[in-house]
Amino acid sequence: MKGLLRLSSAIALAAMMATTAIPAFTAPARAATLSGGFDVGPGGFQGNFNPLAATGGFTWLSVYFEPLVTYDEKLEKVVGQLASSYEVSPDQTTYTFKLADAKWHDGKPFTAKDAKFTLELAKNAKTGSVLAARLNAVSSAEAKDDKTLIIKLSAPSASLMDTLTKVMMLPEHALSQIPADQLAKNSWWSTAPIGTGPFKFSKYVTDQYVELAANTDYRGGKPALEKIINRYFANPAAAIAALRAGEIQFTYVDSNDLKAFNDNKDFRVIEGNSFVVNYLGFNHDSPIWKDIRVRQAVMYAINRDAIIQSLYGGAAKPANCAYIADQVVPAGIETYAYDPEKARQLLKEAGWDQINGDKPITLLTYYTTPLAANVMAAVQAMLAQVGINVTPRAVDTPTYNSIVLNPTPDIAQFQMVYAGLQNGPDPGSINVGLNEKQIPPAGPNVARVRMPMLTAALDAALSETDPAKRDGRYQEVCTVMNKELPWGPLWVAKRYGVASAKLKDFIWTPAPGGGPYQAHPEKWAISE
């Protein structure tokens, strides 16, 4: 009972700290204009619309940038976007793409040279690309002619197509003169970006909104909407207030925000799997986590079921490795059921009083929503009950990345992280967060995990090209993760969006990072 009281107090305190602020904004009245909070929630960040650095959610970026291939709206299969078709060689090391007839927003033709240029940018970590580590297997990209791109791999990679869905094509003629190390934060992204999508950049008002106009020359036909506006908000609560007031027609919401919209005919609630596993990442460069008994104690100390029920309203599923899909989770793995007494015993056996005792441990996150604040407060209270003193610190995404991706980081700033990494649609996406070859600056293994057995299992899964054997390979990864605990896996939550009933043919999928997927924004419409 005492534990439940402490949890309730922590949650109440976090809730009191969550504030709602509606930024001053008066949208111009226009027919056929959709306004939304497209970058609210995970994956979104205003101010720099650079798909290489994922500085904006793909829900928004996909309105004017396009990849060669994308997922269908159900996130089940990869389909063509700027590629009209593709072929794979028998040894699965050569991919040949035939490109669609498309134009950049400035009227110049999109060619295979642009695709080659984009892949080279995406492979180059100096550009700030978050995709560089995922493209290590790409040895070359060749523009055979204007409509044919050939990608060669150094070894088969079953996750290549998944990665390519996230590589938005960029114009060589507009970006080739910008040095690679100056590209990430170049003003081009927020002043004159051009893509091939159904809407083109119009203007950006710092920290308020960005406006796009219909691309009347779009190969898929003239868009139904004249303009799309992406509003920015201090927090999701402000976006929800704007949605209810009719100022915007769409936004992302947390599960605990649904009460205002359920059974309301003026809105449509869109629900789906986030495909993102939330976890506590132990910084393996910090000596306090070296003993596996300490990592196990963290897992046993957290009542995940209580958090899922009380904070997520049951809209989440516990995760005991990086995956939750049934076919890649083997039977019989440890479930780490809530057992604070066992946690205390493990800490005693490990000598926790000598290792760290009650010294504060920084728990860093880029999640800044009220729900996340409540989760962090609950985790803090539960760990305190067994003698682990964590201090949550929430920062914006650029600040988080600058800390955790620093090649020579200050360990004290993030002895733990509360973060998320997608486990689907392709489970290979987890590799970059756990493989020891991906430790910064090589990749985003921010927890600095160095586990040879885990790396070997990940490498084997990534190189397995026989579909019948891939699930078994990922089960092996799951088994190692579950036993060795490079992370403290928590749960995979459902994700929600709310759209005005006035929107027609509007597609939004709760995809990792906002997508991309076949959303067909050229078909979106709004009725008065």
# chains A, B, ... in the order shown; residues from 1 in each chain; ligands from 1
>>> select_by_dssp(residues="range 115-246 of chain A", states="alpha helix (DSSP H)", output="ChimeraX atom specification")
/A:115-123,160-164,172-175,188-191,236-244
>>> write_last_selection(atoms="C-alpha atoms", output="PDB file, in the first residue's frame")
ATOM      1  CA  ALA A 115      18.800   9.780 -56.175  1.00  0.00           C
ATOM      2  CA  LYS A 116      22.520   8.946 -56.252  1.00  0.00           C
ATOM      3  CA  PHE A 117      23.317  12.353 -54.713  1.00  0.00           C
ATOM      4  CA  THR A 118      20.743  11.817 -51.950  1.00  0.00           C
ATOM      5  CA  LEU A 119      22.048   8.376 -51.010  1.00  0.00           C
ATOM      6  CA  GLU A 120      25.580   9.716 -50.788  1.00  0.00           C
ATOM      7  CA  LEU A 121      24.380  12.488 -48.475  1.00  0.00           C
ATOM      8  CA  ALA A 122      22.431   9.997 -46.361  1.00  0.00           C
ATOM      9  CA  LYS A 123      25.494   7.727 -46.032  1.00  0.00           C
ATOM     10  CA  LEU A 160      17.672  -2.149 -46.914  1.00  0.00           C
ATOM     11  CA  MET A 161      14.174  -1.535 -48.230  1.00  0.00           C
ATOM     12  CA  ASP A 162      12.934  -0.498 -44.789  1.00  0.00           C
ATOM     13  CA  THR A 163      15.773   2.029 -44.557  1.00  0.00           C
ATOM     14  CA  LEU A 164      15.084   3.379 -48.045  1.00  0.00           C
ATOM     15  CA  GLU A 172      21.370  17.880 -56.411  1.00  0.00           C
ATOM     16  CA  HIS A 173      21.134  21.206 -58.235  1.00  0.00           C
ATOM     17  CA  ALA A 174      20.011  22.999 -55.055  1.00  0.00           C
ATOM     18  CA  LEU A 175      22.298  21.388 -52.468  1.00  0.00           C
ATOM     19  CA  TRP A 188      17.885  26.269 -47.004  1.00  0.00           C
ATOM     20  CA  TRP A 189      15.756  23.817 -45.035  1.00  0.00           C
ATOM     21  CA  SER A 190      13.609  26.565 -43.515  1.00  0.00           C
ATOM     22  CA  THR A 191      13.700  29.186 -46.269  1.00  0.00           C
ATOM     23  CA  PRO A 236       0.214  18.578 -26.714  1.00  0.00           C
ATOM     24  CA  ALA A 237      -2.348  20.111 -24.345  1.00  0.00           C
ATOM     25  CA  ALA A 238      -2.129  23.393 -26.242  1.00  0.00           C
ATOM     26  CA  ALA A 239      -2.644  21.572 -29.539  1.00  0.00           C
ATOM     27  CA  ILE A 240      -5.687  19.774 -28.130  1.00  0.00           C
ATOM     28  CA  ALA A 241      -7.178  23.095 -27.015  1.00  0.00           C
ATOM     29  CA  ALA A 242      -6.663  24.478 -30.538  1.00  0.00           C
ATOM     30  CA  LEU A 243      -8.271  21.377 -32.066  1.00  0.00           C
ATOM     31  CA  ARG A 244     -11.336  21.618 -29.831  1.00  0.00           C
TER      32      ARG A 244
END
>>> residues_around(residues="Gln92 in chain A", least_positions_apart="3", cutoff="12 Å", atoms="only C-alpha atoms", output="ChimeraX atom specification")
/A:87-89,95-96,137-138,151-161,463-466
>>> write_last_selection(atoms="all heavy atoms", output="compact mmCIF listing (two decimals), in the first residue's frame")
# COMPACT_ATOMS: atom_id res chain seq x y z
N GLU A 87 14.07 -4.20 -59.07
CA GLU A 87 14.45 -5.60 -59.17
C GLU A 87 15.64 -5.86 -58.26
O GLU A 87 16.48 -4.98 -58.05
CB GLU A 87 14.82 -5.96 -60.61
CG GLU A 87 13.68 -5.87 -61.60
CD GLU A 87 14.11 -6.24 -63.01
OE1 GLU A 87 15.32 -6.49 -63.21
OE2 GLU A 87 13.25 -6.27 -63.91
N VAL A 88 15.73 -7.08 -57.74
CA VAL A 88 16.82 -7.48 -56.85
C VAL A 88 17.56 -8.65 -57.48
O VAL A 88 16.93 -9.60 -57.96
CB VAL A 88 16.30 -7.88 -55.45
CG1 VAL A 88 17.46 -8.19 -54.52
CG2 VAL A 88 15.41 -6.78 -54.87
N SER A 89 18.88 -8.59 -57.49
CA SER A 89 19.67 -9.66 -58.09
C SER A 89 19.55 -10.94 -57.26
O SER A 89 19.21 -10.90 -56.08
CB SER A 89 21.14 -9.25 -58.17
OG SER A 89 21.68 -9.08 -56.86
N TYR A 95 20.39 -3.80 -56.40
CA TYR A 95 19.00 -3.36 -56.51
C TYR A 95 18.92 -2.36 -57.66
O TYR A 95 19.66 -1.37 -57.68
CB TYR A 95 18.54 -2.68 -55.21
CG TYR A 95 18.34 -3.63 -54.04
CD1 TYR A 95 19.41 -4.29 -53.45
CD2 TYR A 95 17.05 -3.85 -53.53
CE1 TYR A 95 19.22 -5.14 -52.38
CE2 TYR A 95 16.86 -4.70 -52.45
CZ TYR A 95 17.94 -5.35 -51.88
OH TYR A 95 17.75 -6.20 -50.82
N THR A 96 18.03 -2.62 -58.59
CA THR A 96 17.85 -1.74 -59.75
C THR A 96 16.47 -1.09 -59.68
O THR A 96 15.46 -1.79 -59.69
CB THR A 96 18.01 -2.53 -61.06
OG1 THR A 96 19.30 -3.15 -61.09
CG2 THR A 96 17.87 -1.58 -62.25
N ALA A 137 25.82 -0.97 -45.48
CA ALA A 137 25.98 -2.06 -46.46
C ALA A 137 25.99 -1.54 -47.90
O ALA A 137 26.38 -2.28 -48.81
CB ALA A 137 24.86 -3.08 -46.30
N VAL A 138 25.59 -0.29 -48.13
CA VAL A 138 25.57 0.26 -49.48
C VAL A 138 27.00 0.63 -49.89
O VAL A 138 27.62 1.53 -49.33
CB VAL A 138 24.67 1.52 -49.57
CG1 VAL A 138 24.75 2.14 -50.96
CG2 VAL A 138 23.22 1.15 -49.24
N ILE A 151 21.81 0.32 -57.00
CA ILE A 151 22.45 0.32 -55.68
C ILE A 151 23.12 -1.02 -55.46
O ILE A 151 22.49 -2.08 -55.63
CB ILE A 151 21.41 0.56 -54.56
CG1 ILE A 151 20.77 1.94 -54.71
CG2 ILE A 151 22.06 0.44 -53.18
CD1 ILE A 151 19.68 2.22 -53.68
N LYS A 152 24.41 -0.99 -55.13
CA LYS A 152 25.17 -2.22 -54.87
C LYS A 152 25.50 -2.29 -53.38
O LYS A 152 25.87 -1.28 -52.76
CB LYS A 152 26.45 -2.26 -55.71
CG LYS A 152 26.18 -2.41 -57.21
CD LYS A 152 27.47 -2.60 -57.98
CE LYS A 152 27.21 -2.78 -59.47
NZ LYS A 152 26.48 -4.04 -59.75
N LEU A 153 25.40 -3.50 -52.83
CA LEU A 153 25.68 -3.73 -51.42
C LEU A 153 26.95 -4.55 -51.26
O LEU A 153 27.28 -5.39 -52.10
CB LEU A 153 24.52 -4.47 -50.75
CG LEU A 153 23.11 -3.90 -50.91
CD1 LEU A 153 22.12 -4.74 -50.11
CD2 LEU A 153 23.07 -2.45 -50.47
N SER A 154 27.66 -4.32 -50.17
CA SER A 154 28.85 -5.12 -49.87
C SER A 154 28.45 -6.50 -49.36
O SER A 154 29.24 -7.46 -49.44
CB SER A 154 29.70 -4.41 -48.82
OG SER A 154 28.94 -4.13 -47.65
N ALA A 155 27.25 -6.62 -48.82
CA ALA A 155 26.71 -7.89 -48.34
C ALA A 155 25.19 -7.77 -48.32
O ALA A 155 24.66 -6.67 -48.21
CB ALA A 155 27.24 -8.20 -46.94
N PRO A 156 24.47 -8.89 -48.44
CA PRO A 156 23.01 -8.81 -48.40
C PRO A 156 22.51 -8.12 -47.13
O PRO A 156 23.07 -8.31 -46.04
CB PRO A 156 22.58 -10.28 -48.44
CG PRO A 156 23.72 -10.99 -49.09
CD PRO A 156 24.96 -10.27 -48.63
N SER A 157 21.48 -7.33 -47.26
CA SER A 157 20.89 -6.64 -46.11
C SER A 157 19.37 -6.71 -46.25
O SER A 157 18.78 -6.03 -47.09
CB SER A 157 21.34 -5.18 -46.05
OG SER A 157 20.66 -4.49 -45.02
N ALA A 158 18.76 -7.51 -45.40
CA ALA A 158 17.32 -7.69 -45.48
C ALA A 158 16.55 -6.44 -45.07
O ALA A 158 15.36 -6.32 -45.34
CB ALA A 158 16.90 -8.87 -44.59
N SER A 159 17.24 -5.49 -44.42
CA SER A 159 16.56 -4.28 -43.95
C SER A 159 16.77 -3.08 -44.87
O SER A 159 16.36 -1.97 -44.53
CB SER A 159 17.07 -3.92 -42.54
OG SER A 159 16.67 -4.89 -41.60
N LEU A 160 17.40 -3.28 -46.03
CA LEU A 160 17.67 -2.15 -46.91
C LEU A 160 16.39 -1.43 -47.32
O LEU A 160 16.32 -0.20 -47.26
CB LEU A 160 18.42 -2.61 -48.16
CG LEU A 160 18.64 -1.49 -49.21
CD1 LEU A 160 19.60 -0.44 -48.67
CD2 LEU A 160 19.14 -2.07 -50.52
N MET A 161 15.38 -2.18 -47.74
CA MET A 161 14.17 -1.53 -48.23
C MET A 161 13.48 -0.74 -47.13
O MET A 161 12.93 0.34 -47.37
CB MET A 161 13.22 -2.56 -48.84
CG MET A 161 13.77 -3.26 -50.08
SD MET A 161 14.21 -2.10 -51.40
CE MET A 161 12.59 -1.54 -51.91
N SER A 463 21.83 -10.13 -41.74
CA SER A 463 22.36 -10.74 -42.95
C SER A 463 21.54 -11.94 -43.42
O SER A 463 21.83 -12.51 -44.48
CB SER A 463 23.82 -11.17 -42.75
OG SER A 463 23.93 -12.12 -41.70
N GLU A 464 20.54 -12.33 -42.64
CA GLU A 464 19.70 -13.47 -43.01
C GLU A 464 18.71 -13.06 -44.09
O GLU A 464 17.81 -12.25 -43.86
CB GLU A 464 18.95 -14.00 -41.79
CG GLU A 464 18.08 -15.21 -42.07
CD GLU A 464 18.88 -16.36 -42.63
OE1 GLU A 464 19.66 -16.97 -41.88
OE2 GLU A 464 18.72 -16.63 -43.85
N THR A 465 18.88 -13.61 -45.27
CA THR A 465 18.00 -13.24 -46.39
C THR A 465 16.91 -14.27 -46.66
O THR A 465 16.07 -14.04 -47.53
CB THR A 465 18.85 -13.06 -47.67
OG1 THR A 465 19.59 -14.26 -47.92
CG2 THR A 465 19.79 -11.88 -47.52
N ASP A 466 16.92 -15.37 -45.92
CA ASP A 466 15.87 -16.37 -46.08
C ASP A 466 14.70 -15.99 -45.17
O ASP A 466 14.81 -16.05 -43.94
CB ASP A 466 16.41 -17.75 -45.68
CG ASP A 466 15.39 -18.86 -45.90
OD1 ASP A 466 14.19 -18.54 -46.10
OD2 ASP A 466 15.77 -20.04 -45.84
>>> select_by_dssp(residues="range 379-409 of chain A", states="strand (DSSP E)", output="ChimeraX atom specification")
/A:390-394
>>> write_last_selection(atoms="all heavy atoms", output="compact mmCIF listing (two decimals), in the first residue's frame")
# COMPACT_ATOMS: atom_id res chain seq x y z
N VAL A 390 17.00 8.28 -8.83
CA VAL A 390 17.13 8.88 -10.15
C VAL A 390 16.52 10.27 -10.16
O VAL A 390 15.53 10.54 -9.46
CB VAL A 390 16.48 8.02 -11.26
CG1 VAL A 390 17.12 6.64 -11.30
CG2 VAL A 390 14.99 7.93 -11.09
N THR A 391 17.11 11.15 -10.98
CA THR A 391 16.61 12.52 -11.14
C THR A 391 16.24 12.72 -12.60
O THR A 391 17.12 12.83 -13.46
CB THR A 391 17.68 13.53 -10.73
OG1 THR A 391 18.07 13.29 -9.38
CG2 THR A 391 17.15 14.96 -10.87
N PRO A 392 14.95 12.76 -12.92
CA PRO A 392 14.55 12.94 -14.33
C PRO A 392 14.94 14.31 -14.87
O PRO A 392 14.88 15.32 -14.15
CB PRO A 392 13.02 12.79 -14.28
CG PRO A 392 12.74 12.05 -13.01
CD PRO A 392 13.79 12.52 -12.06
N ARG A 393 15.32 14.35 -16.14
CA ARG A 393 15.61 15.61 -16.83
C ARG A 393 15.08 15.50 -18.25
O ARG A 393 15.57 14.68 -19.04
CB ARG A 393 17.11 15.89 -16.85
CG ARG A 393 17.45 17.23 -17.54
CD ARG A 393 18.93 17.40 -17.79
NE ARG A 393 19.19 18.63 -18.53
CZ ARG A 393 20.30 18.88 -19.23
NH1 ARG A 393 21.27 17.96 -19.28
NH2 ARG A 393 20.45 20.02 -19.86
N ALA A 394 14.08 16.31 -18.59
CA ALA A 394 13.50 16.31 -19.93
C ALA A 394 14.03 17.50 -20.71
O ALA A 394 14.01 18.63 -20.22
CB ALA A 394 11.98 16.37 -19.84
>>> residues_around(residues="Leu490 in chain A", least_positions_apart="2", cutoff="6 Å", atoms="only C-alpha atoms", output="ChimeraX atom specification")
/A:278-279,318-319
>>> residues_around(residues="range 356-362 of chain A", least_positions_apart="5", cutoff="9 Å", atoms="only C-alpha atoms", output="PyMOL selection string")
chain A and resi 288+351+384+387-393+412-417
>>> write_last_selection(atoms="all heavy atoms", output="CSV table (one decimal), in the first residue's frame")
chain,number,residue,atom,x,y,z
A,288,ILE,N,28.3,2.2,-12.7
A,288,ILE,CA,27.2,1.7,-11.8
A,288,ILE,C,26.4,0.6,-12.4
A,288,ILE,O,25.7,-0.1,-11.7
A,288,ILE,CB,26.4,2.9,-11.4
A,288,ILE,CG1,25.6,3.5,-12.6
A,288,ILE,CG2,27.2,4.0,-10.7
A,288,ILE,CD1,24.6,4.6,-12.1
A,351,GLY,N,26.2,-5.2,-3.9
A,351,GLY,CA,27.0,-4.2,-3.2
A,351,GLY,C,26.6,-2.8,-3.6
A,351,GLY,O,27.5,-1.9,-3.8
A,384,ALA,N,13.1,4.6,-6.2
A,384,ALA,CA,13.4,5.1,-4.9
A,384,ALA,C,13.1,4.1,-3.8
A,384,ALA,O,13.8,4.0,-2.7
A,384,ALA,CB,12.7,6.4,-4.6
A,387,GLY,N,16.0,1.9,-3.3
A,387,GLY,CA,17.3,2.5,-3.0
A,387,GLY,C,18.0,3.0,-4.2
A,387,GLY,O,19.2,3.3,-4.1
A,388,ILE,N,17.3,3.2,-5.3
A,388,ILE,CA,18.0,3.8,-6.5
A,388,ILE,C,17.4,5.2,-6.7
A,388,ILE,O,16.2,5.3,-6.9
A,388,ILE,CB,17.8,2.9,-7.8
A,388,ILE,CG1,18.3,1.5,-7.6
A,388,ILE,CG2,18.4,3.6,-9.0
A,388,ILE,CD1,18.1,0.6,-8.7
A,389,ASN,N,18.3,6.2,-6.6
A,389,ASN,CA,17.8,7.6,-6.6
A,389,ASN,C,18.1,8.2,-8.0
A,389,ASN,O,19.2,8.6,-8.4
A,389,ASN,CB,18.6,8.3,-5.6
A,389,ASN,CG,18.3,9.8,-5.6
A,389,ASN,OD1,17.2,10.2,-6.1
A,389,ASN,ND2,19.1,10.6,-4.9
A,390,VAL,N,17.0,8.3,-8.8
A,390,VAL,CA,17.1,8.9,-10.1
A,390,VAL,C,16.5,10.3,-10.2
A,390,VAL,O,15.5,10.5,-9.5
A,390,VAL,CB,16.5,8.0,-11.3
A,390,VAL,CG1,17.1,6.6,-11.3
A,390,VAL,CG2,15.0,7.9,-11.1
A,391,THR,N,17.1,11.1,-11.0
A,391,THR,CA,16.6,12.5,-11.1
A,391,THR,C,16.2,12.7,-12.6
A,391,THR,O,17.1,12.8,-13.5
A,391,THR,CB,17.7,13.5,-10.7
A,391,THR,OG1,18.1,13.3,-9.4
A,391,THR,CG2,17.2,15.0,-10.9
A,392,PRO,N,15.0,12.8,-12.9
A,392,PRO,CA,14.5,12.9,-14.3
A,392,PRO,C,14.9,14.3,-14.9
A,392,PRO,O,14.9,15.3,-14.2
A,392,PRO,CB,13.0,12.8,-14.3
A,392,PRO,CG,12.7,12.1,-13.0
A,392,PRO,CD,13.8,12.5,-12.1
A,393,ARG,N,15.3,14.3,-16.1
A,393,ARG,CA,15.6,15.6,-16.8
A,393,ARG,C,15.1,15.5,-18.3
A,393,ARG,O,15.6,14.7,-19.0
A,393,ARG,CB,17.1,15.9,-16.8
A,393,ARG,CG,17.5,17.2,-17.5
A,393,ARG,CD,18.9,17.4,-17.8
A,393,ARG,NE,19.2,18.6,-18.5
A,393,ARG,CZ,20.3,18.9,-19.2
A,393,ARG,NH1,21.3,18.0,-19.3
A,393,ARG,NH2,20.4,20.0,-19.9
A,412,ALA,N,27.9,11.9,-16.6
A,412,ALA,CA,27.0,12.3,-15.5
A,412,ALA,C,25.7,12.9,-16.1
A,412,ALA,O,24.7,13.0,-15.3
A,412,ALA,CB,27.8,13.4,-14.7
A,413,GLN,N,25.7,13.4,-17.3
A,413,GLN,CA,24.5,14.0,-17.9
A,413,GLN,C,23.5,13.0,-18.3
A,413,GLN,O,22.3,13.3,-18.5
A,413,GLN,CB,24.9,14.9,-19.1
A,413,GLN,CG,25.6,16.1,-18.7
A,413,GLN,CD,25.7,17.1,-19.9
A,413,GLN,OE1,24.6,17.6,-20.4
A,413,GLN,NE2,26.8,17.4,-20.4
A,414,PHE,N,23.9,11.7,-18.5
A,414,PHE,CA,22.9,10.7,-18.9
A,414,PHE,C,23.4,9.3,-18.5
A,414,PHE,O,23.7,8.5,-19.3
A,414,PHE,CB,22.6,10.8,-20.4
A,414,PHE,CG,23.6,10.3,-21.3
A,414,PHE,CD1,23.5,9.2,-22.1
A,414,PHE,CD2,24.8,11.0,-21.5
A,414,PHE,CE1,24.5,8.7,-23.0
A,414,PHE,CE2,25.8,10.6,-22.3
A,414,PHE,CZ,25.6,9.5,-23.1
A,415,GLN,N,23.3,9.1,-17.2
A,415,GLN,CA,23.7,7.7,-16.7
A,415,GLN,C,22.5,6.7,-17.1
A,415,GLN,O,22.8,5.5,-17.2
A,415,GLN,CB,23.9,7.7,-15.2
A,415,GLN,CG,25.2,8.4,-14.8
A,415,GLN,CD,25.3,8.7,-13.4
A,415,GLN,OE1,24.4,9.3,-12.8
A,415,GLN,NE2,26.4,8.3,-12.7
A,416,MET,N,21.4,7.3,-17.3
A,416,MET,CA,20.2,6.5,-17.9
A,416,MET,C,19.5,7.4,-18.9
A,416,MET,O,19.5,8.6,-18.8
A,416,MET,CB,19.3,6.1,-16.8
A,416,MET,CG,19.7,5.1,-15.8
A,416,MET,SD,18.4,4.7,-14.6
A,416,MET,CE,17.4,3.6,-15.5
A,417,VAL,N,18.8,6.8,-19.8
A,417,VAL,CA,17.9,7.5,-20.7
A,417,VAL,C,16.5,6.8,-20.7
A,417,VAL,O,16.5,5.6,-20.6
A,417,VAL,CB,18.4,7.6,-22.2
A,417,VAL,CG1,19.7,8.4,-22.2
A,417,VAL,CG2,18.6,6.3,-22.8
>>> residues_around(residues="Val276 in chain A", least_positions_apart="6", cutoff="10 Å", atoms="only C-alpha atoms", output="PyMOL selection string")
chain A and resi 322-324+419-425+430+491-495+511-513
>>> write_last_selection(atoms="N, CA, C and O atoms", output="mmCIF file, in the first residue's frame")
data_model
loop_
_atom_site.group_PDB
_atom_site.id
_atom_site.type_symbol
_atom_site.label_atom_id
_atom_site.label_comp_id
_atom_site.auth_asym_id
_atom_site.auth_seq_id
_atom_site.Cartn_x
_atom_site.Cartn_y
_atom_site.Cartn_z
ATOM 1 N N ALA A 322 13.560 -6.063 -27.148
ATOM 2 C CA ALA A 322 13.312 -4.932 -28.049
ATOM 3 C C ALA A 322 12.085 -5.131 -28.921
ATOM 4 O O ALA A 322 11.644 -4.206 -29.577
ATOM 5 N N TYR A 323 11.526 -6.341 -28.919
ATOM 6 C CA TYR A 323 10.422 -6.671 -29.802
ATOM 7 C C TYR A 323 9.187 -7.087 -29.012
ATOM 8 O O TYR A 323 9.286 -7.564 -27.877
ATOM 9 N N ILE A 324 8.022 -6.919 -29.632
ATOM 10 C CA ILE A 324 6.800 -7.456 -29.021
ATOM 11 C C ILE A 324 5.992 -8.293 -30.001
ATOM 12 O O ILE A 324 5.066 -8.988 -29.599
ATOM 13 N N ALA A 419 13.826 6.489 -23.388
ATOM 14 C CA ALA A 419 13.749 6.760 -24.820
ATOM 15 C C ALA A 419 12.884 5.711 -25.499
ATOM 16 O O ALA A 419 12.281 4.842 -24.858
ATOM 17 N N GLY A 420 12.819 5.802 -26.822
ATOM 18 C CA GLY A 420 12.062 4.836 -27.597
ATOM 19 C C GLY A 420 12.774 4.550 -28.905
ATOM 20 O O GLY A 420 13.447 5.419 -29.459
ATOM 21 N N LEU A 421 12.651 3.332 -29.399
ATOM 22 C CA LEU A 421 13.215 2.967 -30.696
ATOM 23 C C LEU A 421 12.258 2.000 -31.368
ATOM 24 O O LEU A 421 11.736 1.086 -30.723
ATOM 25 N N GLN A 422 12.022 2.223 -32.654
ATOM 26 C CA GLN A 422 11.016 1.423 -33.346
ATOM 27 C C GLN A 422 11.441 -0.026 -33.499
ATOM 28 O O GLN A 422 12.604 -0.342 -33.721
ATOM 29 N N ASN A 423 10.461 -0.918 -33.348
ATOM 30 C CA ASN A 423 10.728 -2.343 -33.542
ATOM 31 C C ASN A 423 9.950 -2.874 -34.742
ATOM 32 O O ASN A 423 9.777 -4.066 -34.903
ATOM 33 N N GLY A 424 9.513 -1.995 -35.586
ATOM 34 C CA GLY A 424 8.772 -2.418 -36.760
ATOM 35 C C GLY A 424 8.549 -1.248 -37.673
ATOM 36 O O GLY A 424 8.872 -0.128 -37.303
ATOM 37 N N PRO A 425 8.006 -1.478 -38.858
ATOM 38 C CA PRO A 425 7.553 -2.777 -39.363
ATOM 39 C C PRO A 425 8.670 -3.806 -39.537
ATOM 40 O O PRO A 425 8.422 -5.007 -39.509
ATOM 41 N N ILE A 430 16.102 -1.989 -34.924
ATOM 42 C CA ILE A 430 16.654 -1.951 -33.566
ATOM 43 C C ILE A 430 18.183 -2.019 -33.581
ATOM 44 O O ILE A 430 18.849 -1.550 -32.659
ATOM 45 N N TRP A 491 7.711 -1.050 -22.394
ATOM 46 C CA TRP A 491 6.423 -1.347 -23.041
ATOM 47 C C TRP A 491 6.399 -0.791 -24.451
ATOM 48 O O TRP A 491 7.259 0.004 -24.854
ATOM 49 N N VAL A 492 5.411 -1.217 -25.203
ATOM 50 C CA VAL A 492 5.081 -0.623 -26.497
ATOM 51 C C VAL A 492 3.654 -0.114 -26.385
ATOM 52 O O VAL A 492 2.737 -0.889 -26.111
ATOM 53 N N ALA A 493 3.477 1.176 -26.561
ATOM 54 C CA ALA A 493 2.164 1.785 -26.371
ATOM 55 C C ALA A 493 1.422 1.941 -27.692
ATOM 56 O O ALA A 493 2.030 1.977 -28.764
ATOM 57 N N LYS A 494 0.127 2.056 -27.598
ATOM 58 C CA LYS A 494 -0.666 2.448 -28.751
ATOM 59 C C LYS A 494 -0.471 3.947 -28.966
ATOM 60 O O LYS A 494 -0.080 4.679 -28.059
ATOM 61 N N ARG A 495 -0.733 4.397 -30.163
ATOM 62 C CA ARG A 495 -0.571 5.817 -30.480
ATOM 63 C C ARG A 495 -1.864 6.330 -31.111
ATOM 64 O O ARG A 495 -2.578 5.581 -31.778
ATOM 65 N N ALA A 511 2.579 5.720 -37.218
ATOM 66 C CA ALA A 511 3.837 5.072 -37.594
ATOM 67 C C ALA A 511 5.002 5.610 -36.768
ATOM 68 O O ALA A 511 4.957 6.739 -36.276
ATOM 69 N N PRO A 512 6.074 4.818 -36.606
ATOM 70 C CA PRO A 512 7.256 5.297 -35.889
ATOM 71 C C PRO A 512 7.819 6.559 -36.535
ATOM 72 O O PRO A 512 8.015 6.607 -37.749
ATOM 73 N N GLY A 513 8.054 7.582 -35.726
ATOM 74 C CA GLY A 513 8.607 8.825 -36.254
ATOM 75 C C GLY A 513 7.675 9.541 -37.214
ATOM 76 O O GLY A 513 8.084 10.442 -37.936
#
>>> closest_atom_pairs(of="range 176-271 of chain A", to="range 59-82 of chain A", cutoff="8 Å", atoms="only C-alpha atoms", output="tab-separated table")
residue	atom	partner	partner_atom	distance
A:Ile194	CA	A:Tyr64	CA	7.5
A:Gly195	CA	A:Phe65	CA	4.7
A:Thr196	CA	A:Phe65	CA	5.8
A:Gly197	CA	A:Tyr64	CA	4.1
A:Pro198	CA	A:Tyr64	CA	6.0
A:Phe199	CA	A:Tyr64	CA	5.1
A:Lys200	CA	A:Tyr64	CA	5.8
A:Phe201	CA	A:Tyr64	CA	7.6
A:Asn230	CA	A:Trp60	CA	7.8
>>> write_last_selection(atoms="C-alpha atoms", output="PDB file, in the first residue's frame")
ATOM      1  CA  ILE A 194      12.095  21.928 -52.605  1.00  0.00           C
ATOM      2  CA  GLY A 195      10.861  18.397 -52.996  1.00  0.00           C
ATOM      3  CA  THR A 196       8.703  16.433 -55.419  1.00  0.00           C
ATOM      4  CA  GLY A 197       5.581  16.042 -53.269  1.00  0.00           C
ATOM      5  CA  PRO A 198       2.029  17.331 -53.718  1.00  0.00           C
ATOM      6  CA  PHE A 199       2.657  20.518 -51.716  1.00  0.00           C
ATOM      7  CA  LYS A 200       5.501  23.009 -51.929  1.00  0.00           C
ATOM      8  CA  PHE A 201       7.051  25.362 -49.403  1.00  0.00           C
ATOM      9  CA  ASN A 230       1.571  23.146 -39.718  1.00  0.00           C
TER      10      ASN A 230
END
>>> closest_residue(among="A:Ser500, A:Thr165, A:Pro440, A:Thr397", to="Ala245 in chain A", atoms="only C-alpha atoms")
A:Ser500
>>> residues_around(residues="Phe267 in chain A", least_positions_apart="6", cutoff="8 Å", atoms="only C-alpha atoms", output="list in words")
Phe261, Val498, Ala499, Ser500 and Ala501 of chain A
>>> atom_distance(atom1="CA of Ser402 in chain A", atom2="CA of Asp39 in chain A")
20.3 Å
